[in-house]
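Trainee: First the structure, then my questions, so here it is.
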Amino acid sequence: MEKSYNYKETEQNWYEIWVKNDLFKANNKSEVIPFSMVLPPPNVTGSLHMGHALTFTIPDIINRRKIMQGFNTLWLPGVDHAGIATQMVVEKYLKQEKGLTKEDLGREKFLKFIWDWKNESEKQIIKQIDKLGLSLDWTRMKFTLDDDMKKVVVKVFVQLYKEGKIYQGTYMVNRCPSCKTVLSDLEVDHKEIHSKLYYIKYPLKNKLNSFVVVATTRPETMLGDIAVAVNPEDDRYKNIIGEELILPLTNRVIKIIGDKQVDKDFGTGAVKITPAHDPNDYDIALRHNLESVTVIDHNAKMTGPVQEKFIGLNRFECREEVIKDLKKLNLIEKEENYIHNVGHCHRCETMIEPDISKQWFLKTSEIAEPAIEVVEKNKVVFIPDKWKKVYFNWMFNIKDWCISRQLWWGHRIPAYYCSKCGEIMVEEERPEKCSNCISTEISQDEDVLDTWFSSALWPFSTLGWNVNSEDFKTYYPTSIMATGFDIIFFWVARMIMMGVHFTGEVPFREVLINGLIRDGKGQKMSKTKNNAIDPLDVIDKFGSDALRFTLAIQAVPGMDISFSMNRIKGYKTFANKIWNASRYVIMNLRGDEDFDIDFEKTTDTDKWILNFLNNIIEKVNDLMDNYRTNEAADLIYHFFWHEYCDWYLEFAKNDIDNIDTRKVLKFTLFRLLQLLHPFMPFITEEIYQKIKIGKDFLIQTKFPSFSSKMVFIDEYKDIELLKKIIMETRKTRTENRIDPNKKIDIYLKSESEKERKIISNLLIYFDFLTKSIKTEIKDDFSNLPKGFRGICLGWEILLPFSNNGDRLEELKRLKKEFDKVKNQIKKLRENLSNKDFVTKAPESIVSDFKKNLQVFIDKKEKIQKTISDLS
């Protein structure tokens, strides 16, 4: 092995070798228990970000362990066409780089351009996935717009339509003027904004100089008012319900209507009704059978029956002009600062515009019921469990889903219109003629489906549900879906609804929710905030294993991660530690070591590490079975560094000529490489190749499990005692500034005959690790030279002074320690003499106080005796 670990060299070729050797390839003919996952498909909008690295690393850790446990695993990769997001990015690129719009190219050429874009983006995504080392079966790669995926989407749409669950209707929807498409409610983020509340006077038609004052934040929409509504129980207005008003700036006449939905306490209690541009007004207009007047078009510009000077202005420009005109007419009573929540596009953050539009909708209430039931009955389990409440909260209040989008990139809606008679035909194949009038003038709906529609089918569409493929029969339902909490509604809930409805089975049995990656300031990482980090940059600087381990050890299920380069730097150091420790072990092997260990010939320190490792293996398996990968990573990290390296490798230096110790060295290193492999696949594979036993690759070896043959409880306890005495001795040396390289005589004392016997058999390790010339265990220190004292678990440690100055310093330290112990005794006695404390405190607490009191009394007596001896 090279002296220094070169992660770039190590991580360069292994992934290609693994893939070429079909280490991740699933076998749908196998009779072994299956374990399957589908990769949450990244959008083809560009490269991956750190959020993807987290979302992909955790399931990769799970999958690699399952492979090593012998499951018939499938982790299916794919990418998502991401309709609105991809079209936005590509349109922006065309405008900035080529000065073109999609209309300049036309639908066919524009789609060809996006396909080319998708192909390049996909290459970049795959490159990043390769660098992360994900154990995906690339022979089953899917794209949401692949032909077989299209067939599933069309089949599902047509079936839902024929079941009466998909319908077309004209309703109030959310429209993004920038993306130029409607949005579902989930795609709208409500943000708090500071604006103005304008009080506008509407003149009564038949009463001179009489007005009804309405309050609004959107004066530009008044040009589309068709009424003013008041609460019929409002004494201020109930006598004028039915009267007419002159709508300012239009000279149209509108009526005052009564509606119980009106909030008497908002503004003046009278509200303008603009059905075409406000969802609440739309509902009121439907109840009162009122028409609507559209004055804002799909681009958020003024249109319709308004003054010529307003036409073509954007909504905010028009607002300023309307306010100016109203002020000239003295129709603004007052303005107030006002804070309220306004819907914004989830993608581009543009303020959305309510819009009455004919769209396609999916009735969700019926398909939501079975999806609620499977979670209630724990057929789908959320991890952590708290996210189940979030799921239910949305599912119990679910609304119909607007599934059509005014885009070109996506799954085109399989609805066909007869130009002659207007017949609508929804079919899997394009009809040659009209089913009603036999005309051949047939055109397809221009809209595409919401991206989340095809994404909702991902677990079963990718497995060949529509043809009942072997993959579908073997791997569906999938085992677990690992994803972020921010898309529980967008994706998880919809996958469960669609999966249960079309397959009769849940799409996955568990949902592992991870948090978001945040920067040092706690902000979510995103390209728009300019704080996104490319995983490839991090891998180039620190290595893939360091990045993976950093994400894994911080990934508390459901909790956000604060991303820090310093932490990655720390785990890069851990990779170096693994390399150096492994190199030490391998350099000390002599080629005659197998795993046939004769436990009778192993040392107590060998048995200690085997017992300790056995317990770690048991705990790691328990943690990973419960998806607490962060705790498993932490456990392995501390064991490897602080027990294996800091202690066992040091112990073993004394026994390196013992072949069974060398066997233990090799065996424990092998087991640790296995435990680490799911987290750090590259470095562990590289090292495994140096000690390869049986299998060609580490992932082909069986993941460790608890072994009853490696239980050595007594030896474990003995070495733990030895460690504590060594640590206290080292501490005593350090506190008294004894040169760490200076060898000295050391004396030990214990009242326990059993422990004296144990430690006397282990003095070879004690001497080596404490730099002792000779260590003697004594019954009494009174006849020995004066020295520095240490106390540990009933053991006293004496390090003889080299001069009188040392004695005086030690006396000073002991007197300080004596005063400290005396104060602790005083506090404990005060508590135990307090009747309220003794009667009200739990019995276990009182018992602990009594035990601690006795410990401190004994300690005080020993310190007092030592002071007397030194004086």
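How things are named: the first chain in the structure tokens is A, the next is B, and so on; residues count from 1 in each chain; ligands count from 1 in the order shown.
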With only C-alpha atoms as the counted atoms, please give the residues lying no more than 9 Å from region 259-267 of chain A, apart from itself and same-chain residues fewer than 3 positions off, as an NGL selection string.

Mentor: :A and (197 or 199 or 213-216 or 229-234 or 270-271 or 280 or 284 or 288)

Trainee: Would you save the residues of that selection, restricted to N, CA and C atoms, as a PDB file, in the first residue's frame?

Mentor:
ATOM      1  N   LEU A 197     -53.256  48.949   1.532  1.00  0.00           N
ATOM      2  CA  LEU A 197     -54.691  48.693   1.463  1.00  0.00           C
ATOM      3  C   LEU A 197     -55.348  50.031   1.092  1.00  0.00           C
ATOM      4  N   TYR A 199     -58.560  52.402   0.209  1.00  0.00           N
ATOM      5  CA  TYR A 199     -59.990  52.573   0.467  1.00  0.00           C
ATOM      6  C   TYR A 199     -60.558  53.433  -0.670  1.00  0.00           C
ATOM      7  N   VAL A 213     -67.626  52.690   0.416  1.00  0.00           N
ATOM      8  CA  VAL A 213     -66.161  52.596   0.394  1.00  0.00           C
ATOM      9  C   VAL A 213     -65.747  51.124   0.509  1.00  0.00           C
ATOM     10  N   VAL A 214     -64.907  50.693  -0.426  1.00  0.00           N
ATOM     11  CA  VAL A 214     -64.380  49.324  -0.379  1.00  0.00           C
ATOM     12  C   VAL A 214     -62.868  49.377  -0.170  1.00  0.00           C
ATOM     13  N   ALA A 215     -62.338  48.357   0.477  1.00  0.00           N
ATOM     14  CA  ALA A 215     -60.887  48.281   0.714  1.00  0.00           C
ATOM     15  C   ALA A 215     -60.312  47.167  -0.153  1.00  0.00           C
ATOM     16  N   THR A 216     -59.205  47.468  -0.821  1.00  0.00           N
ATOM     17  CA  THR A 216     -58.576  46.458  -1.683  1.00  0.00           C
ATOM     18  C   THR A 216     -57.066  46.663  -1.747  1.00  0.00           C
ATOM     19  N   ALA A 229     -70.118  43.451  -2.563  1.00  0.00           N
ATOM     20  CA  ALA A 229     -70.835  42.560  -1.650  1.00  0.00           C
ATOM     21  C   ALA A 229     -70.705  43.039  -0.216  1.00  0.00           C
ATOM     22  N   VAL A 230     -71.779  42.870   0.547  1.00  0.00           N
ATOM     23  CA  VAL A 230     -71.787  43.179   1.974  1.00  0.00           C
ATOM     24  C   VAL A 230     -72.447  42.004   2.694  1.00  0.00           C
ATOM     25  N   ASN A 231     -72.216  41.919   3.979  1.00  0.00           N
ATOM     26  CA  ASN A 231     -72.871  40.880   4.765  1.00  0.00           C
ATOM     27  C   ASN A 231     -74.308  41.328   5.060  1.00  0.00           C
ATOM     28  N   PRO A 232     -75.293  40.498   4.743  1.00  0.00           N
ATOM     29  CA  PRO A 232     -76.693  40.916   4.952  1.00  0.00           C
ATOM     30  C   PRO A 232     -77.033  41.184   6.410  1.00  0.00           C
ATOM     31  N   GLU A 233     -76.189  40.744   7.328  1.00  0.00           N
ATOM     32  CA  GLU A 233     -76.429  40.995   8.753  1.00  0.00           C
ATOM     33  C   GLU A 233     -75.688  42.235   9.243  1.00  0.00           C
ATOM     34  N   ASP A 234     -75.037  42.941   8.332  1.00  0.00           N
ATOM     35  CA  ASP A 234     -74.300  44.159   8.681  1.00  0.00           C
ATOM     36  C   ASP A 234     -75.269  45.333   8.656  1.00  0.00           C
ATOM     37  N   ALA A 270     -67.448  46.244   3.176  1.00  0.00           N
ATOM     38  CA  ALA A 270     -67.946  46.141   1.798  1.00  0.00           C
ATOM     39  C   ALA A 270     -66.774  45.727   0.912  1.00  0.00           C
ATOM     40  N   VAL A 271     -66.982  44.700   0.106  1.00  0.00           N
ATOM     41  CA  VAL A 271     -65.877  44.214  -0.721  1.00  0.00           C
ATOM     42  C   VAL A 271     -66.259  44.214  -2.192  1.00  0.00           C
ATOM     43  N   ASN A 280     -62.142  33.891  -4.065  1.00  0.00           N
ATOM     44  CA  ASN A 280     -63.313  34.099  -3.205  1.00  0.00           C
ATOM     45  C   ASN A 280     -64.442  34.780  -3.969  1.00  0.00           C
ATOM     46  N   ILE A 284     -68.406  33.599  -4.856  1.00  0.00           N
ATOM     47  CA  ILE A 284     -69.593  34.445  -4.634  1.00  0.00           C
ATOM     48  C   ILE A 284     -70.370  34.623  -5.939  1.00  0.00           C
ATOM     49  N   HIS A 288     -74.332  33.679  -6.868  1.00  0.00           N
ATOM     50  CA  HIS A 288     -75.302  34.716  -7.254  1.00  0.00           C
ATOM     51  C   HIS A 288     -75.554  34.752  -8.760  1.00  0.00           C
TER      52      HIS A 288
END

Trainee: Can you tell me which residues surround Tyr637 (chain A) at a distance of at most 12 Å, considering only C-alpha atoms, apart from same-chain residues fewer than 4 positions away, and format the answer as a ChimeraX atom specification?

Mentor: /A:549-550,552-553,570-571,573-575,577-578,616,620,630-633,641-645,672-673,675-676,679-680

Trainee: Please save N, CA and C atoms of the selected residues as a compact mmCIF listing (two decimals), in the first residue's frame.

Mentor:
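Final file, selection37.txt:
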# COMPACT_ATOMS: atom_id res chain seq x y z
N PHE A 549 -19.77 9.94 3.86
CA PHE A 549 -19.77 9.70 5.30
C PHE A 549 -20.27 10.94 6.05
N THR A 550 -19.91 12.12 5.58
CA THR A 550 -20.37 13.36 6.20
C THR A 550 -21.89 13.44 6.16
N ALA A 552 -23.99 10.92 5.71
CA ALA A 552 -24.59 9.81 6.45
C ALA A 552 -24.61 10.06 7.96
N ILE A 553 -23.50 10.55 8.49
CA ILE A 553 -23.39 10.72 9.95
C ILE A 553 -24.23 11.89 10.45
N GLY A 570 -12.95 16.91 8.11
CA GLY A 570 -12.73 15.99 9.24
C GLY A 570 -12.89 14.53 8.82
N TYR A 571 -13.87 14.26 7.97
CA TYR A 571 -14.09 12.87 7.56
C TYR A 571 -13.15 12.45 6.44
N THR A 573 -10.06 13.23 6.88
CA THR A 573 -9.02 12.79 7.82
C THR A 573 -9.33 11.37 8.31
N PHE A 574 -10.61 11.08 8.49
CA PHE A 574 -11.01 9.74 8.90
C PHE A 574 -10.63 8.71 7.83
N ALA A 575 -10.84 9.08 6.57
CA ALA A 575 -10.43 8.18 5.47
C ALA A 575 -8.93 7.92 5.53
N LYS A 577 -7.14 7.98 8.19
CA LYS A 577 -6.93 7.13 9.37
C LYS A 577 -7.19 5.66 9.01
N ILE A 578 -8.27 5.43 8.26
CA ILE A 578 -8.60 4.07 7.82
C ILE A 578 -7.45 3.50 7.00
N ILE A 616 -20.45 -4.23 18.59
CA ILE A 616 -20.63 -3.14 17.62
C ILE A 616 -21.42 -3.65 16.41
N VAL A 620 -24.85 -2.06 15.18
CA VAL A 620 -24.93 -1.49 13.84
C VAL A 620 -26.08 -2.12 13.06
N ASN A 630 -27.32 7.29 10.62
CA ASN A 630 -26.44 8.30 11.23
C ASN A 630 -25.81 7.78 12.51
N GLU A 631 -26.61 7.08 13.33
CA GLU A 631 -26.09 6.53 14.58
C GLU A 631 -25.13 5.37 14.30
N ALA A 632 -25.46 4.58 13.27
CA ALA A 632 -24.57 3.47 12.90
C ALA A 632 -23.21 4.01 12.44
N ALA A 633 -23.24 5.07 11.62
CA ALA A 633 -21.99 5.68 11.14
C ALA A 633 -21.17 6.21 12.31
N TRP A 641 -11.76 4.47 15.29
CA TRP A 641 -10.72 5.44 15.66
C TRP A 641 -10.25 5.23 17.10
N HIS A 642 -11.22 5.19 18.02
CA HIS A 642 -10.88 5.27 19.44
C HIS A 642 -10.68 3.93 20.14
N GLU A 643 -11.11 2.85 19.55
CA GLU A 643 -10.89 1.54 20.16
C GLU A 643 -9.92 0.70 19.32
N TYR A 644 -10.22 0.58 18.03
CA TYR A 644 -9.37 -0.25 17.18
C TYR A 644 -7.98 0.37 17.00
N CYS A 645 -7.96 1.63 16.61
CA CYS A 645 -6.67 2.28 16.35
C CYS A 645 -5.95 2.69 17.64
N LEU A 672 -14.29 -4.67 9.86
CA LEU A 672 -14.48 -3.22 9.86
C LEU A 672 -14.65 -2.68 8.44
N LEU A 673 -13.92 -3.23 7.50
CA LEU A 673 -14.09 -2.84 6.10
C LEU A 673 -15.50 -3.17 5.62
N LEU A 675 -18.23 -3.37 7.56
CA LEU A 675 -19.14 -2.42 8.20
C LEU A 675 -19.09 -1.06 7.53
N LEU A 676 -17.91 -0.65 7.13
CA LEU A 676 -17.72 0.67 6.53
C LEU A 676 -18.12 0.72 5.06
N PHE A 679 -20.99 2.78 3.62
CA PHE A 679 -20.79 4.21 3.81
C PHE A 679 -19.65 4.75 2.92
N MET A 680 -18.57 3.99 2.86
CA MET A 680 -17.35 4.45 2.16
C MET A 680 -16.88 3.34 1.21

Trainee: Identify which of the residues A:Trp409, A:Phe612, A:Tyr15, A:Phe595 lies closest to Glu91 (chain A), counting only C-alpha atoms when measuring atom-to-atom distances.

Mentor: A:Trp409

Trainee: For the contact check between region 497-556 of chain A and region 381-393 of chain A, emit one row per residue of region 497-556 of chain A within 7 Å, containing the shortest atom pair and the distance in Å rounded to one decimal, counting only C-alpha atoms, chain then rising number order, as CSV.

Mentor:
residue,atom,partner,partner_atom,distance
A:Arg509,CA,A:Val381,CA,6.3
A:Glu510,CA,A:Val381,CA,4.7
A:Val511,CA,A:Phe382,CA,4.8
A:Leu512,CA,A:Ile383,CA,4.9
A:Ile513,CA,A:Ile383,CA,6.0

Trainee: With only C-alpha atoms as the atoms that count, which of A:Trp647, A:Arg730, A:Asp718, A:Ile438 lies nearest to Lys754 (chain A)?

Mentor: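 Closest candidate: A:Asp718.
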
Trainee: Tell me, counting only C-alpha atoms, for each residue of region 7-123 of chain A within 9 Å of region 344-358 of chain A, which pair of atoms is nearest and how far apart they are in Å to one decimal, in rows ordered by chain and increasing number, as a Markdown table.

Mentor:
| residue | atom | partner | partner_atom | distance |
| --- | --- | --- | --- | --- |
| A:Ile84 | CA | A:Arg347 | CA | 8.1 |
| A:Ala85 | CA | A:Arg347 | CA | 6.8 |
| A:Met88 | CA | A:Cys348 | CA | 8.6 |

Trainee: Restricting the calculation to only C-alpha atoms, which member of A:Ala415, A:Leu136, A:Leu793, A:Ile719 is positioned closest to Ser752 (chain A)?

Mentor: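 Among the listed residues, A:Leu793 lies closest to Ser752 (chain A).
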
Trainee: For each of A:Lys816, A:Lys771, A:His277, A:Lys862, take the minimum atom-to-atom distance to Asn741 (chain A), counting only C-alpha atoms, then give the residue where this is smallest.

Mentor: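 Ranking A:Lys816, A:Lys771, A:His277, A:Lys862 by distance to Asn741 (chain A), first place goes to A:Lys771.
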
Trainee: Extract, using only C-alpha atoms, all DNA, RNA and protein residues at most 9 Å from Ser871 (chain A), discarding same-chain residues fewer than 4 positions from it, and format them as a ChimeraX atom specification.

Mentor: /A:807-808,811,866-867

Trainee: Select, from A:Lys859, A:Phe24, A:Glu735, A:Glu308, the residue with the minimum atom-to-atom distance to Glu809 (chain A), counting only C-alpha atoms.

Mentor: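 Result for the nearest residue to Glu809 (chain A): A:Glu735.
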
Trainee: Find the spatial neighbours of Trp452 (chain A), counting only C-alpha atoms, within a cut-off of 10 Å - ignore same-chain residues fewer than 5 positions away - and output them as a list of chain:residue names.

Mentor: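 My reading of the contact set: A:Asp80, A:Ala82, A:Gly83, A:Ile403, A:Leu457, A:Trp458, A:Phe490, A:Trp491, A:Arg494, A:Met495.
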
Trainee: With distances taken over only C-alpha atoms, which of A:Phe849, A:Phe453, A:Trp18, A:Trp360 is nearest to Val492 (chain A)?

Mentor: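 Closest to Val492 (chain A) of all the choices is A:Phe453.
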
Trainee: Check the DSSP output for the backbone and give back, as a PyMOL selection string, the residues of region 83-254 of chain A in helix (DSSP H, G or I).

Mentor: chain A and resi 83-98+102-105+107-132+138-140+147-162+185-187+219-224

Trainee: Can you check which residues of region 78-169 of chain A DSSP gives as strand (DSSP E) on the backbone and send them as a PyMOL selection string?

Mentor: chain A and resi 78-79+142-143+166-169

Trainee: How about saving the chosen residues, N, CA, C and O atoms kept, as a JSON list (two decimals), in the first residue's frame?

Mentor:
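Dumped to selection_20.json:
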[["chain", "number", "residue", "atom", "x", "y", "z"],
["A", 78, "GLY", "N", -33.26, 6.48, -12.88],
["A", 78, "GLY", "CA", -34.01, 7.18, -13.92],
["A", 78, "GLY", "C", -33.93, 8.68, -13.73],
["A", 78, "GLY", "O", -33.44, 9.16, -12.70],
["A", 79, "VAL", "N", -34.39, 9.40, -14.73],
["A", 79, "VAL", "CA", -34.45, 10.87, -14.66],
["A", 79, "VAL", "C", -35.83, 11.34, -15.08],
["A", 79, "VAL", "O", -36.55, 10.65, -15.80],
["A", 142, "LYS", "N", -34.45, 4.40, -16.71],
["A", 142, "LYS", "CA", -35.71, 4.91, -17.26],
["A", 142, "LYS", "C", -35.69, 6.44, -17.34],
["A", 142, "LYS", "O", -35.00, 7.12, -16.58],
["A", 143, "PHE", "N", -36.48, 6.95, -18.28],
["A", 143, "PHE", "CA", -36.73, 8.39, -18.42],
["A", 143, "PHE", "C", -38.24, 8.56, -18.53],
["A", 143, "PHE", "O", -38.91, 7.78, -19.23],
["A", 166, "ILE", "N", -61.34, 11.64, -14.24],
["A", 166, "ILE", "CA", -60.72, 12.79, -14.92],
["A", 166, "ILE", "C", -61.82, 13.49, -15.70],
["A", 166, "ILE", "O", -62.62, 12.85, -16.39],
["A", 167, "TYR", "N", -61.85, 14.81, -15.55],
["A", 167, "TYR", "CA", -62.88, 15.58, -16.24],
["A", 167, "TYR", "C", -62.29, 16.92, -16.69],
["A", 167, "TYR", "O", -61.23, 17.34, -16.22],
["A", 168, "GLN", "N", -63.00, 17.57, -17.58],
["A", 168, "GLN", "CA", -62.59, 18.89, -18.06],
["A", 168, "GLN", "C", -63.60, 19.91, -17.56],
["A", 168, "GLN", "O", -64.81, 19.68, -17.63],
["A", 169, "GLY", "N", -63.09, 21.01, -17.03],
["A", 169, "GLY", "CA", -64.01, 22.01, -16.51],
["A", 169, "GLY", "C", -63.40, 23.39, -16.49],
["A", 169, "GLY", "O", -62.19, 23.55, -16.55]]

Trainee: Which polymer residues have any atom within 8 Å of an atom of Gln406 (chain A), counting only C-alpha atoms, with same-chain residues fewer than 4 positions away left out, as a PDB file with N, CA and C atoms, in the first residue's frame?

Mentor:
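Now in part.pdb:
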ATOM      1  N   LYS A 180     -46.119  30.854 -17.867  1.00  0.00           N
ATOM      2  CA  LYS A 180     -47.202  30.795 -18.862  1.00  0.00           C
ATOM      3  C   LYS A 180     -47.973  29.485 -18.816  1.00  0.00           C
ATOM      4  N   THR A 181     -48.255  29.045 -17.599  1.00  0.00           N
ATOM      5  CA  THR A 181     -49.063  27.846 -17.422  1.00  0.00           C
ATOM      6  C   THR A 181     -49.823  27.932 -16.110  1.00  0.00           C
ATOM      7  N   VAL A 182     -50.863  27.105 -15.998  1.00  0.00           N
ATOM      8  CA  VAL A 182     -51.565  27.023 -14.724  1.00  0.00           C
ATOM      9  C   VAL A 182     -50.753  26.150 -13.775  1.00  0.00           C
ATOM     10  N   GLU A 446     -53.655  20.478 -27.000  1.00  0.00           N
ATOM     11  CA  GLU A 446     -52.332  21.099 -27.022  1.00  0.00           C
ATOM     12  C   GLU A 446     -51.604  21.009 -25.683  1.00  0.00           C
ATOM     13  N   ASP A 447     -52.344  20.827 -24.599  1.00  0.00           N
ATOM     14  CA  ASP A 447     -51.737  20.852 -23.259  1.00  0.00           C
ATOM     15  C   ASP A 447     -51.003  19.549 -22.945  1.00  0.00           C
ATOM     16  N   VAL A 448     -50.113  19.648 -21.957  1.00  0.00           N
ATOM     17  CA  VAL A 448     -49.428  18.452 -21.455  1.00  0.00           C
ATOM     18  C   VAL A 448     -49.840  18.236 -20.006  1.00  0.00           C
TER      19      VAL A 448
END

Trainee: Quick one: residues within 10 Å of Ser708 (chain A), only C-alpha atoms, excluding same-chain residues fewer than 4 positions away - as a compact mmCIF listing (two decimals) with all heavy atoms, in the first residue's frame?

Mentor:
# COMPACT_ATOMS: atom_id res chain seq x y z
N ASN A 611 -14.75 -9.31 21.21
CA ASN A 611 -16.01 -9.13 21.94
C ASN A 611 -16.61 -7.74 21.65
O ASN A 611 -17.81 -7.60 21.40
CB ASN A 611 -15.77 -9.29 23.44
CG ASN A 611 -17.05 -9.28 24.23
OD1 ASN A 611 -17.70 -10.31 24.41
ND2 ASN A 611 -17.45 -8.11 24.72
N ASN A 614 -17.88 -7.56 18.13
CA ASN A 614 -19.12 -8.34 18.06
C ASN A 614 -20.32 -7.53 18.52
O ASN A 614 -21.38 -7.54 17.89
CB ASN A 614 -18.96 -9.59 18.93
CG ASN A 614 -19.86 -10.73 18.48
OD1 ASN A 614 -20.27 -10.81 17.33
ND2 ASN A 614 -20.15 -11.64 19.40
N PHE A 712 -16.61 -12.81 24.82
CA PHE A 712 -15.56 -12.94 25.84
C PHE A 712 -15.77 -11.83 26.87
O PHE A 712 -15.03 -10.84 26.92
CB PHE A 712 -14.17 -12.83 25.21
CG PHE A 712 -13.92 -13.81 24.10
CD1 PHE A 712 -13.96 -13.39 22.77
CD2 PHE A 712 -13.69 -15.15 24.37
CE1 PHE A 712 -13.74 -14.28 21.74
CE2 PHE A 712 -13.46 -16.06 23.34
CZ PHE A 712 -13.50 -15.63 22.02
